[in-house]
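As structure tokens, the structure follows; a few thoughts come after it.
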Amino acid sequence: MPKSISAQVLPACLRSVLIIRGGISMTKPSAKSELIEVSSNPLTFHLHNSQVSYVLGVEDENILAHHYYGKAVDHYSNLRRYPRLMRHFAPSPEDIETRDFSLSTLPQEFPGAGGADYREPGIVVQFPNGSRTVNFTYDSYTISDGKPQLAGLPATFAQEYEAQTLTVKLVESDAQLELYLSYTIFRDLPVITRSTRVKNLGQQPVQVQRLVSFSLDSPDNELNLLQLNGRYAQERNVTIEPLNTGIKILDSKRGASGHTQNPFCALIDPHATEFSGEVFGFCLVYSGSHKSIIQMDGYNQVRIQMGINDQNFEWWLEPQKSFQSPEAVLVHSEQGLNSMSQSFHELFLNHLMKSKYSHQTRPILLNNWEATYFNFDEKKLQDIIASSHDLGIEMFVLDDGWFGERDAPNSSLGDWVVDRKKLPNGLKPLSDYCHNLDMKFGLWFEPEMISVKSKLYQNHPDWVLEVPGQRRSIDRSQFVLNLGRAEVRDYLLERMSYIIEHADLDYIKWDMNRNMTEVYDAKLSASEQGEVSHRYILGLYDLLERLTDKYPDILFESCSGGGGRYDAGMLYYMPQTWTSDNTDAIARLKIQYGTSLVYPVVSMGAHVSAVPNEQTGRMTPLRTRGLVASSGDLGYELNPLNLLENERQEVKLQVKWYKAHRRLIQFGKLYRLQNPFETTRAAWMFVSDDKKEAVAMYFNIFSEASSPLHMLNFVGLDPSQKYSINGKYTAYGSELMQIGIYPLTQNDGDFDSAVFELKAVE
Ligand code: GLA
């Protein structure tokens with residue numbers, strides 16, 4: 001049982017402090033726990049470890065105010081208590097009528113709606129009388145060791161000794177609502193996670209129309225906004241812009257986190273670099289429609305909020321029922337973006353990815369999609385498997401086209417039965433063939449979709465997400481199954497279980513190739529239609545929970561037309577993601593650079609494909625394709641039988657090299673050295689925890705005549721350690737970091753690359 005300090009069990013003298021208005025001087029003892037310090041007079045909570053501090057406190061009128069979030073301080077002496085300043089057009093609570101205390105300017109932990117705060121609300125609830133005014137005040141708190149899980153939602157987890165959680169209860173007594181704000185601080189990471197739960201204590205249902213996962217106010221600050229946007233096959237572009245007065249919204253209304261806007265953003269010092277400057281990163285653990293609101297008011301105060309997208313969202317809350325928001329992860333870095341990324345990576349690896357594979361090195365795979373598309377039979381696949389085995393590849397993945405009558409993308413989704421025309425003996429002989437070669441066997445599914453040309457559609461046309469009687473939108477010839485319905489999930493679990501067991505699968509690629517439209521469920525009432533999109537995501541999580549629990553030995557890779565659902569929610573269940581359908585090595589430099597801002601290297605599927613590249617038509621050297629793909633979970637997506645002999649030899653060497661460096665790359669510390677969004681070069685390196693070993697990769701995107709002498713400075717090494725570089729020469733860490741090396745020699749062509757292996761020597 002987690003140790004817990006609750007307001008109810010505190011001595012009576014201290015309990016009285018919990019409900020008293022701030023500003024009244026009282027001498028009371030402080031309740032202190034290791035990571036969360038509670039002071040009275042006025043009641044203040046200081047969450048801190050050696051890296052980060054987060055402070056909130058109870059203000060006049062029992063308003064829960066935000067004080068500070070940033071670099072750790074050992075003590076907090078209430079310096080950020082909001083100064084009483086006279087403001088015009090700033091209403092105050094009627095009973096304290098004053099012109100120097102108003103919600104319209106006060107930094108709050110969780111702003112209500114319809115009152116004096118004209119900025120973005122954290123919650124919007126419609127009450128039976130039609131009112132949407134709701135303002136919460138402080139009630140009590142609890143502190144517990146570890147971190148409670150969120151019912152029905154993926155979230156970070158921690159052992160009792162790894163984190164502590166503060167839950168602050170706010171009440172809206174007029175409206176009979178309770179709000180629980182949850183804050184977890186991790187002991188060894190500059191990380192705070194937040195989430196929100198609202199409970200209806202009234203006699204009648206109310207409708208929640210917005211509930212953000214967190215809201216954070218900061219005083220006058222000059223900040224830039226960094227976001228990851230994109231499109232299909234060009235995901236997670238890094239965009240940085242100055243914040244200005246007004247509201248900036250970053251969102252997805254697609255029913256998926258989406259290719260176009262990752263549920264992540266950061267507020268950064270305008271001078272921040274990869275290795276310097278203050279950075280605040282925010283990431284939502286959710287795979288559906290999301291929204292980040294960044295608002296700067298006339299006083300240059302910034303409010304940032306993240307949560308489920310409130311467009312077309314409404315959730316009925318029956319009496320005594322709660323609604324739980326997804327979790328948001330807040331990472332602070334005082335040393336630039338790279339350090340923020342390392343914190344996200346560490347958190348996700350140790351406290352989010354629940355798969356048993358999260359810490360295991362991942363097999364080098366060959367995927368037959370770009371090799372055969374739908375055109376294969378057992379013999380062709382066996383030849384590909386045998387040839388892959390000869391190259392040293394460890395797993396064969398049979399992609400789309402093995403089921404129903406799937407010869408084109410317009411049929412059979414939902415019919416998860418082997419196509420006996422292509423594979424008369426089923427999947428088992430292929431799986432056995434792999435296993436006999438000591439290779440693993442993986443399979444592609446697209447469980448959330450349905451083709452009109454399918455038996456499933458004939459039997460269950462009503463399982464489609466649609467508005468009956470209204471024109472539907474079709475994409476890639478397919479419709480979305482309504483995963484909000486239990487019978488749909490049960491069908492998928494039964495079908496997938498059958499295939500998993502009969503084909504003896506080791507791996508599943510879980511694809512999802514279109515986004516939601518006509519979001520409607522005829523089985524729900526008219527007033528419940530705003531719940532459909534979120535119910536779908538809860539249904540998806542329920543199915544993933546059951547499937548991954550039932551088959552813990554299966555390695556799952558998530559995919560959505562490449563990286564269209566690359567988010568922390570999916571990572572909770574599936575420890576790797578197909579980063580992008582774009583396998584062009586040069587395009588991948590940006591895609592993988594942007595992805596690595598948040599998501600660990602070992603979560604990134606990266607494949608070498610044939611040239612000219614399918615998506616861009618570009619010709620790139622096999623060496624560069626190999627190095628770019630070796631910057632994630634290496635795989636091949638080509639027909640090995642089509643390789644020339646010299647290419648086969650090169651691929652064999654790539655595979656051998658990757659095996660020798662795989663643990664370092666997949667689990668070492670990543671340092672991004674040169675940014676392909678800013679220059680015509682890219683470079684990054686992976687350093688072992690003990691700093692005895694490192695690998696750096698350098699990519700010359702476009703060559704120049706009379707090229708300037710571009711240097712490559714390493715990072716993260718031990719300054720006093722001597723390293724050998726590619727076994728050719730030696731230098732000390734301090735030199736390699738301060739002075740650097742010339743990474744390429746002469747006449748390096750477009751798309752050329754170089755790799756540097758650093759090993760500690762005596
Ligand atoms: C999506 C995936 C690809 C491939 C195809 C198969 O586009 O991203 O990797 O699996 O579907 O149809």
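Simple scheme: letters A, B, ... for chains in structure tokens order, numbers from 1 for residues in each chain, numbers from 1 for ligands in the order shown.
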Q | Residue contacts of Pro154 (chain A) (12 Å, only C-alpha atoms) excluding same-chain residues fewer than 4 positions away, as a PyMOL selection string | A | chain A and resi 148-150+195+284-287+324-328+348+351-354+537-538+540-542+544-545+567-574
(Q) If we count only C-alpha atoms and set the cut-off at 6 Å, which residues sit around region 698-701 of chain A, ignoring sequence neighbours fewer than 2 positions away in its own chain? Please answer as a ChimeraX atom specification. (A) /A:680-683,750-754
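Shortest atom-to-atom contact with ligand 1 among A:Glu518, A:Glu178, A:Glu693, A:Asp399: A:Asp399, counting only C-alpha atoms and all ligand atoms.
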Q) Do you know which residues are at most 8 Å from region 330-332 of chain A counting only C-alpha atoms, after dropping those on the same chain fewer than 6 positions away, and could you put them as a count of residues only? A) 17
Q. Which one of A:Lys590, A:Arg648, A:His502, A:Arg406 sits closest to ligand 1 if you count only C-alpha atoms and all ligand atoms?
A.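 Smallest separation from ligand 1 among the options: A:Arg406.
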Q | Expected selection as a ChimeraX atom specification for ligand 1 within 6 Å, only C-alpha atoms and all ligand atoms | A | /A:399-400,559-562,581
Would you put the residues from that selection into a file with C-alpha atoms, as an mmCIF file, in the first residue's frame?
data_model
loop_
_atom_site.group_PDB
_atom_site.id
_atom_site.type_symbol
_atom_site.label_atom_id
_atom_site.label_comp_id
_atom_site.auth_asym_id
_atom_site.auth_seq_id
_atom_site.Cartn_x
_atom_site.Cartn_y
_atom_site.Cartn_z
ATOM 1 C CA ASP A 399 3.247 -7.068 -44.547
ATOM 2 C CA ASP A 400 -0.140 -6.293 -46.089
ATOM 3 C CA CYS A 559 2.174 2.265 -37.438
ATOM 4 C CA SER A 560 -0.273 4.636 -39.048
ATOM 5 C CA GLY A 561 0.740 5.184 -42.648
ATOM 6 C CA GLY A 562 4.213 5.457 -41.131
ATOM 7 C CA ASP A 581 6.520 5.575 -44.831
#
Q: Write out as a ChimeraX atom specification the residues lying within 7 Å of Ala731 (chain A), counting only C-alpha atoms and excluding same-chain residues fewer than 6 positions away.
A: /A:722-724
Export C-alpha atoms of the chosen residues as a short mmCIF file (atom, residue, chain, number, x, y, z; two decimals), in the first residue's frame?
data_model
loop_
_atom_site.label_atom_id
_atom_site.label_comp_id
_atom_site.auth_asym_id
_atom_site.auth_seq_id
_atom_site.Cartn_x
_atom_site.Cartn_y
_atom_site.Cartn_z
CA LYS A 722 41.70 9.06 -24.40
CA TYR A 723 39.70 7.59 -27.28
CA SER A 724 40.71 5.79 -30.43
#
Can you tell me, as a short mmCIF file (atom, residue, chain, number, x, y, z; two decimals) with N, CA and C atoms, in the first residue's frame, what residues are no more than 10 Å from Trp416 (chain A) when counting only C-alpha atoms, ignoring any on the same chain fewer than 2 positions away?
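out.cif written:
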data_model
loop_
_atom_site.label_atom_id
_atom_site.label_comp_id
_atom_site.auth_asym_id
_atom_site.auth_seq_id
_atom_site.Cartn_x
_atom_site.Cartn_y
_atom_site.Cartn_z
N TRP A 402 -1.86 -10.71 -46.96
CA TRP A 402 -1.86 -12.16 -46.66
C TRP A 402 -3.24 -12.70 -46.32
N PHE A 403 -4.25 -11.86 -46.28
CA PHE A 403 -5.56 -12.24 -45.71
C PHE A 403 -6.68 -11.98 -46.72
N GLY A 404 -7.84 -12.59 -46.45
CA GLY A 404 -9.03 -12.36 -47.28
C GLY A 404 -8.71 -12.59 -48.75
N SER A 412 -11.00 -6.52 -48.21
CA SER A 412 -10.69 -7.56 -47.20
C SER A 412 -10.28 -7.08 -45.81
N LEU A 413 -10.13 -5.77 -45.60
CA LEU A 413 -9.79 -5.36 -44.23
C LEU A 413 -10.92 -5.81 -43.31
N GLY A 414 -10.57 -6.47 -42.26
CA GLY A 414 -11.58 -7.04 -41.35
C GLY A 414 -11.64 -8.55 -41.46
N VAL A 418 -6.41 -16.27 -43.51
CA VAL A 418 -5.35 -16.38 -44.52
C VAL A 418 -5.92 -16.54 -45.92
N ASP A 419 -5.34 -15.85 -46.88
CA ASP A 419 -5.71 -15.98 -48.29
C ASP A 419 -5.09 -17.28 -48.82
N PHE A 445 -1.10 -6.34 -39.45
CA PHE A 445 -2.56 -6.27 -39.29
C PHE A 445 -2.97 -4.80 -39.39
N GLU A 446 -4.21 -4.61 -39.82
CA GLU A 446 -4.78 -3.26 -39.71
C GLU A 446 -6.14 -3.39 -39.04
N PRO A 447 -6.11 -3.68 -37.74
CA PRO A 447 -7.33 -4.14 -37.06
C PRO A 447 -8.46 -3.11 -37.01
N LYS A 455 -16.09 -9.78 -46.05
CA LYS A 455 -17.17 -10.55 -45.41
C LYS A 455 -17.63 -9.84 -44.14
N LEU A 456 -16.67 -9.23 -43.46
CA LEU A 456 -17.03 -8.54 -42.22
C LEU A 456 -18.06 -7.45 -42.50
N LEU A 492 -12.18 -8.56 -32.85
CA LEU A 492 -10.77 -8.37 -33.23
C LEU A 492 -9.85 -9.20 -32.33
N ARG A 495 -10.12 -12.86 -33.44
CA ARG A 495 -9.47 -13.11 -34.74
C ARG A 495 -7.95 -13.04 -34.61
N MET A 496 -7.48 -12.04 -33.93
CA MET A 496 -6.02 -11.87 -33.82
C MET A 496 -5.43 -12.99 -32.97
N TYR A 498 -6.48 -15.97 -32.71
CA TYR A 498 -6.44 -17.19 -33.52
C TYR A 498 -5.19 -17.19 -34.41
N ILE A 499 -4.98 -16.10 -35.09
CA ILE A 499 -3.82 -16.03 -36.02
C ILE A 499 -2.51 -16.09 -35.23
#
Compile the contact shell of Tyr593 (chain A) as a compact mmCIF listing (two decimals) with N, CA and C atoms, in the first residue's frame: residues with an atom at most 8 Å away, counting only C-alpha atoms, same-chain residues fewer than 6 positions apart removed.
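After the write, around33.txt holds the following:
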# COMPACT_ATOMS: atom_id res chain seq x y z
N ARG A 672 22.35 15.08 -30.44
CA ARG A 672 22.19 15.61 -31.80
C ARG A 672 23.24 16.70 -32.00
N ASN A 675 22.08 20.05 -37.15
CA ASN A 675 20.64 20.07 -37.35
C ASN A 675 20.29 20.20 -38.83
N PRO A 676 19.68 19.18 -39.43
CA PRO A 676 19.36 19.26 -40.86
C PRO A 676 18.28 20.28 -41.19
